[in-house]
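Presented below is the structure to which this report refers.
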Amino acid sequence: MVRVAATALLFAALASPGPSVVHGYGMSLTVPAGWHASITHGLVLLRGKGVKLWIRETSPTRRPDPFFRRRAVPTLHPSDFRSVEHHLGFTLSGRQFALLPFPARPSAATLDAVNAALGSFTVKPGNYYGQRLPPARLPAQPGWFVGARGGKLLAEGGQTETWAATVPYRDTPTQIPPIHTLNRLPRDGVIIWVSLSRDSALRIRPVNSLRIRARLIGNNFEGLPPNIGVYGASVRKTGYDLDLRVFFKTVHPSANLIARAQAELNRLRLPVWPPG
């Protein structure tokens, strides 16, 4: 009987999942048994026992930032799991991070597990980002002035911009609304602006679609002059989020004008970005 019991205990021990290790982008973390963790570009996620943590990497700046003055991963206390967003900065191997504990009430045992996992966090020096981010493309068509600007993948993410207008484009890629181009836009003109972006931790909330709908064209956009119409959409794609703005000289463009804008938008070609 004793031997049977001992054998049963042995099998139970073998079946119990132990700590595991996750790796990525020069980072490593030991995960407590039964917890979940992942490392994607610029982000470490750890959760379990009602606790959730982020470790977000920040690209270094030319001037030292006192927020990252710690040279070790912070040890967390119950007061760090507060309801107000609370970041703790630190630097390891020359790379900068911000630790974000989400609101929780961890037990003493859970807190010990959290700090043990954080104590296992190791970082290799080096630059694990910097990949080129190709923009979306709109092929040149008669009657349209098109352009695009690519980007670079930083620890925090990256962004590109693409535009098309029925008049020469006169604004910088990130100027939205494009006031200078709007000032030259005739009543039957159109401006299309597309941004592809990736945040290391967050995804956008999808709104509308790439199909322009007349009833969704309005003037409720910060900095938009009166009587200018804009259609907006935010769409999730693999590897990035897409933000669309289509500007008209009126809030009530004709069906033909909307169709012209839609035909140009349908030519949009989306790129493949490095995995995140």
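Starting from 1 in every chain, residues are counted up; chains themselves are A, B, ... following the order of the structure tokens, and ligands are numbered from 1 as listed.
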Env of A:Ser195: 7 Å cut, atoms = only C-alpha atoms, seq-sep filter 5 positions within chain, self excluded. Answer as a CSV table (one decimal) with C-alpha atoms, in the first residue's frame.
chain,number,residue,atom,x,y,z
A,159,GLN,CA,4.4,54.1,-38.0
A,160,THR,CA,4.2,54.8,-41.8
A,161,GLU,CA,2.0,57.2,-43.8
A,162,THR,CA,0.5,57.1,-47.2
A,242,LEU,CA,-4.6,50.8,-40.1
A,243,ASP,CA,-6.0,54.2,-39.6
A,244,LEU,CA,-7.9,55.8,-42.5
Applying 6 Å and only C-alpha atoms, which residues near stretch 208-217 of chain A remain after dropping the ones on its own chain fewer than 4 positions away? List them as a PyMOL selection string. chain A and resi 229-231+233
At a cut-off of 9 Å, using only C-alpha atoms, what residues contact stretch 118-129 of chain A? Leave out same-chain residues fewer than 5 positions from it and give the result as a ChimeraX atom specification. /A:25-31,41-42,72-76,92-95,113,152-155
Any chance you can output those residues with N, CA and C atoms as a CSV table (one decimal), in the first residue's frame?
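Output contents, as saved in result-v2.csv:
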chain,number,residue,atom,x,y,z
A,25,TYR,N,13.9,38.6,-28.2
A,25,TYR,CA,14.5,40.0,-28.3
A,25,TYR,C,15.6,40.2,-27.2
A,26,GLY,N,16.4,39.2,-26.9
A,26,GLY,CA,17.4,39.3,-25.9
A,26,GLY,C,17.0,39.4,-24.5
A,27,MET,N,15.7,39.0,-24.3
A,27,MET,CA,15.1,39.0,-22.9
A,27,MET,C,14.7,37.6,-22.5
A,28,SER,N,14.8,37.4,-21.2
A,28,SER,CA,14.4,36.0,-20.7
A,28,SER,C,13.7,36.2,-19.3
A,29,LEU,N,12.7,35.4,-19.1
A,29,LEU,CA,11.9,35.4,-17.9
A,29,LEU,C,11.5,34.0,-17.5
A,30,THR,N,11.7,33.6,-16.2
A,30,THR,CA,11.3,32.4,-15.7
A,30,THR,C,9.8,32.6,-15.2
A,31,VAL,N,8.9,31.7,-15.7
A,31,VAL,CA,7.5,31.8,-15.4
A,31,VAL,C,7.1,30.9,-14.3
A,41,HIS,N,7.9,41.9,-29.4
A,41,HIS,CA,8.9,43.0,-29.6
A,41,HIS,C,8.5,44.1,-28.6
A,42,GLY,N,9.4,44.4,-27.7
A,42,GLY,CA,9.3,45.6,-26.8
A,42,GLY,C,8.3,45.3,-25.6
A,72,ALA,N,18.3,47.8,-11.5
A,72,ALA,CA,17.8,46.5,-11.2
A,72,ALA,C,16.3,46.5,-11.4
A,73,VAL,N,15.7,45.3,-11.6
A,73,VAL,CA,14.3,45.2,-11.7
A,73,VAL,C,13.7,45.6,-10.3
A,74,PRO,N,12.7,46.4,-10.2
A,74,PRO,CA,12.1,46.8,-9.0
A,74,PRO,C,11.4,45.6,-8.3
A,75,THR,N,11.5,45.6,-6.9
A,75,THR,CA,10.8,44.7,-6.1
A,75,THR,C,9.4,45.3,-5.8
A,76,LEU,N,8.4,44.5,-6.1
A,76,LEU,CA,7.0,45.1,-5.9
A,76,LEU,C,6.5,44.8,-4.5
A,92,LEU,N,18.6,47.8,-17.6
A,92,LEU,CA,19.4,46.6,-17.6
A,92,LEU,C,20.2,46.4,-18.9
A,93,SER,N,21.5,46.2,-18.7
A,93,SER,CA,22.3,46.0,-19.9
A,93,SER,C,22.2,47.1,-20.9
A,94,GLY,N,22.0,48.3,-20.4
A,94,GLY,CA,22.0,49.5,-21.3
A,94,GLY,C,20.6,49.7,-22.0
A,95,ARG,N,19.6,48.8,-21.6
A,95,ARG,CA,18.3,48.9,-22.3
A,95,ARG,C,17.3,49.4,-21.2
A,113,ALA,N,5.8,35.1,-5.7
A,113,ALA,CA,5.9,34.5,-7.0
A,113,ALA,C,6.2,35.6,-8.0
A,152,LYS,N,10.6,53.0,-39.2
A,152,LYS,CA,11.5,52.1,-38.6
A,152,LYS,C,10.9,51.6,-37.3
A,153,LEU,N,11.1,50.3,-37.1
A,153,LEU,CA,10.6,49.6,-35.9
A,153,LEU,C,11.4,49.9,-34.7
A,154,LEU,N,10.9,50.6,-33.8
A,154,LEU,CA,11.5,50.9,-32.5
A,154,LEU,C,11.0,50.0,-31.4
A,155,ALA,N,11.6,50.1,-30.2
A,155,ALA,CA,11.1,49.2,-29.2
A,155,ALA,C,9.6,49.5,-28.9
As a count of residues only, please: the residues near stretch 85-89 of chain A (cut-off 10 Å, only C-alpha atoms, same-chain neighbours under 3 positions excluded). 28
Report the closest atom pair, with its distance in Å rounded to one decimal, for each residue of stretch 132-186 of chain A that has an atom no farther than 10 Å from stretch 251-263 of chain A; count only C-alpha atoms, sort by chain and then rising residue number, and write it as a tab-separated table.
residue	atom	partner	partner_atom	distance
A:Ala164	CA	A:Ala261	CA	9.6
A:Ala165	CA	A:Ala261	CA	9.3
A:Thr166	CA	A:Ala261	CA	9.6
Residues of stretch 65-147 of chain A in strand (DSSP E), written as a count of residues only: 19
Please identify all polymer residues within 9 Å of A:Trp35, counting only C-alpha atoms, omitting same-chain residues fewer than 6 positions from it, and present them as an mmCIF file with C-alpha atoms, in the first residue's frame.
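Output saved as part.cif:
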data_model
loop_
_atom_site.group_PDB
_atom_site.id
_atom_site.type_symbol
_atom_site.label_atom_id
_atom_site.label_comp_id
_atom_site.auth_asym_id
_atom_site.auth_seq_id
_atom_site.Cartn_x
_atom_site.Cartn_y
_atom_site.Cartn_z
ATOM 1 C CA PRO A 19 8.362 26.753 -13.943
ATOM 2 C CA LEU A 46 3.169 38.065 -17.104
ATOM 3 C CA ARG A 47 -0.128 37.049 -15.553
ATOM 4 C CA GLY A 48 -1.492 34.571 -13.045
ATOM 5 C CA LYS A 49 -3.304 34.340 -9.704
#
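Between atom CA of A:Lys249 and atom CA of A:Leu185 there is a distance of 6.9 Å.
Candidate residues A:Val146, A:Val235, A:Ala136, A:Leu224 were compared for distance to A:Ile204, and the nearest is A:Val235, using only C-alpha atoms.
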Using only C-alpha atoms, determine which residues lie at most 12 Å from stretch 140-144 of chain A, disregarding the query and same-chain residues fewer than 2 positions distant; provide the list as a PyMOL selection string. chain A and resi 137-138+146-148+163-169+188-192+260-261+263-265+267-269
Taking N, CA and C atoms for each residue, export the selection above as a compact mmCIF listing (two decimals), in the first residue's frame.
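Saved the output as selection.txt:
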# COMPACT_ATOMS: atom_id res chain seq x y z
N ARG A 137 0.86 51.34 -50.19
CA ARG A 137 1.10 52.01 -51.47
C ARG A 137 -0.20 52.23 -52.23
N LEU A 138 -0.29 53.39 -52.87
CA LEU A 138 -1.36 53.68 -53.80
C LEU A 138 -0.71 53.93 -55.15
N VAL A 146 0.04 61.03 -55.42
CA VAL A 146 0.21 60.03 -54.38
C VAL A 146 1.61 60.11 -53.79
N GLY A 147 1.73 59.62 -52.56
CA GLY A 147 3.02 59.58 -51.89
C GLY A 147 2.97 58.68 -50.67
N ALA A 148 4.13 58.38 -50.12
CA ALA A 148 4.20 57.51 -48.95
C ALA A 148 5.52 57.74 -48.24
N TRP A 163 -0.56 58.74 -48.71
CA TRP A 163 -1.58 59.72 -49.04
C TRP A 163 -1.84 59.75 -50.54
N ALA A 164 -3.02 60.23 -50.87
CA ALA A 164 -3.42 60.47 -52.27
C ALA A 164 -4.39 61.65 -52.26
N ALA A 165 -4.23 62.55 -53.22
CA ALA A 165 -5.11 63.72 -53.30
C ALA A 165 -5.32 64.09 -54.75
N THR A 166 -6.43 64.75 -55.03
CA THR A 166 -6.72 65.18 -56.39
C THR A 166 -6.05 66.51 -56.71
N VAL A 167 -5.29 67.06 -55.75
CA VAL A 167 -4.45 68.24 -55.96
C VAL A 167 -3.08 67.90 -55.37
N PRO A 168 -2.02 68.63 -55.73
CA PRO A 168 -0.71 68.36 -55.14
C PRO A 168 -0.76 68.41 -53.61
N TYR A 169 -0.14 67.43 -52.98
CA TYR A 169 -0.18 67.32 -51.52
C TYR A 169 0.81 68.30 -50.92
N ASP A 188 -15.03 69.41 -55.68
CA ASP A 188 -15.10 68.03 -56.17
C ASP A 188 -13.78 67.28 -55.93
N GLY A 189 -13.00 67.73 -54.93
CA GLY A 189 -11.72 67.10 -54.65
C GLY A 189 -11.79 66.12 -53.48
N VAL A 190 -10.75 65.31 -53.35
CA VAL A 190 -10.67 64.28 -52.31
C VAL A 190 -9.22 64.18 -51.82
N ILE A 191 -9.07 63.91 -50.53
CA ILE A 191 -7.78 63.59 -49.94
C ILE A 191 -7.93 62.27 -49.19
N ILE A 192 -7.03 61.34 -49.43
CA ILE A 192 -7.01 60.06 -48.71
C ILE A 192 -5.70 59.98 -47.92
N ARG A 260 -15.53 57.83 -56.60
CA ARG A 260 -14.16 58.11 -57.08
C ARG A 260 -13.14 57.87 -55.97
N ALA A 261 -13.46 58.33 -54.77
CA ALA A 261 -12.57 58.11 -53.63
C ALA A 261 -12.45 56.63 -53.32
N ALA A 263 -12.82 54.11 -55.39
CA ALA A 263 -12.05 53.43 -56.43
C ALA A 263 -10.55 53.60 -56.17
N GLU A 264 -10.13 54.78 -55.75
CA GLU A 264 -8.72 54.99 -55.43
C GLU A 264 -8.31 54.18 -54.20
N LEU A 265 -9.17 54.18 -53.18
CA LEU A 265 -8.87 53.43 -51.96
C LEU A 265 -8.79 51.93 -52.24
N ARG A 267 -7.42 50.55 -54.58
CA ARG A 267 -6.11 50.25 -55.16
C ARG A 267 -5.03 50.14 -54.09
N LEU A 268 -5.39 50.38 -52.84
CA LEU A 268 -4.41 50.36 -51.75
C LEU A 268 -3.75 48.99 -51.65
N ARG A 269 -2.43 48.99 -51.59
CA ARG A 269 -1.67 47.76 -51.45
C ARG A 269 -0.97 47.77 -50.09
Contacts of A:Leu45 at 9 Å (only C-alpha atoms; same-chain gap of 3+ positions) as a ChimeraX atom specification: /A:36-40,52-56
Could you work out how far atom CA of A:Tyr240 lies from atom CA of A:Arg203, giving the answer in Å with one decimal? 8.2 Å
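Of the listed residues (A:Pro134, A:Pro206, A:Pro78, A:Gly223), A:Pro134 comes nearest to A:Pro271; the distances count only C-alpha atoms.
For the choices A:Pro274, A:Pro225, A:Gly50, A:Gly218, the atom-to-atom distance to A:Ser107 is smallest for A:Gly50 when using only C-alpha atoms.
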Could you pull out the residues in stretch 60-181 of chain A that DSSP calls helix (DSSP H, G or I) from the backbone, as a VMD selection string? chain A and resid 66 to 68 78 to 80 108 to 119 179 to 181
Could you write out the selected residues, including C-alpha atoms, as a PDB file, in the first residue's frame?
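again_8.pdb written:
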ATOM      1  CA  PRO A  66      16.111  59.915 -14.557  1.00  0.00           C
ATOM      2  CA  PHE A  67      12.982  57.764 -14.779  1.00  0.00           C
ATOM      3  CA  PHE A  68      15.225  54.828 -15.785  1.00  0.00           C
ATOM      4  CA  PRO A  78       1.147  45.530  -2.371  1.00  0.00           C
ATOM      5  CA  SER A  79       0.921  49.326  -2.759  1.00  0.00           C
ATOM      6  CA  ASP A  80       2.335  49.073  -6.297  1.00  0.00           C
ATOM      7  CA  ALA A 108       1.740  37.232   0.132  1.00  0.00           C
ATOM      8  CA  ALA A 109       2.425  33.997  -1.755  1.00  0.00           C
ATOM      9  CA  THR A 110       1.409  35.541  -5.069  1.00  0.00           C
ATOM     10  CA  LEU A 111       3.582  38.583  -4.421  1.00  0.00           C
ATOM     11  CA  ASP A 112       6.524  36.296  -3.688  1.00  0.00           C
ATOM     12  CA  ALA A 113       5.928  34.514  -6.997  1.00  0.00           C
ATOM     13  CA  VAL A 114       5.778  37.839  -8.839  1.00  0.00           C
ATOM     14  CA  ASN A 115       9.035  39.080  -7.358  1.00  0.00           C
ATOM     15  CA  ALA A 116      10.741  35.759  -7.997  1.00  0.00           C
ATOM     16  CA  ALA A 117       9.739  35.998 -11.661  1.00  0.00           C
ATOM     17  CA  LEU A 118      10.887  39.618 -11.879  1.00  0.00           C
ATOM     18  CA  GLY A 119      14.166  38.658 -10.222  1.00  0.00           C
ATOM     19  CA  ILE A 179      -4.849  71.906 -43.694  1.00  0.00           C
ATOM     20  CA  HIS A 180      -2.644  73.261 -46.494  1.00  0.00           C
ATOM     21  CA  THR A 181      -3.890  70.687 -48.976  1.00  0.00           C
TER      22      THR A 181
END
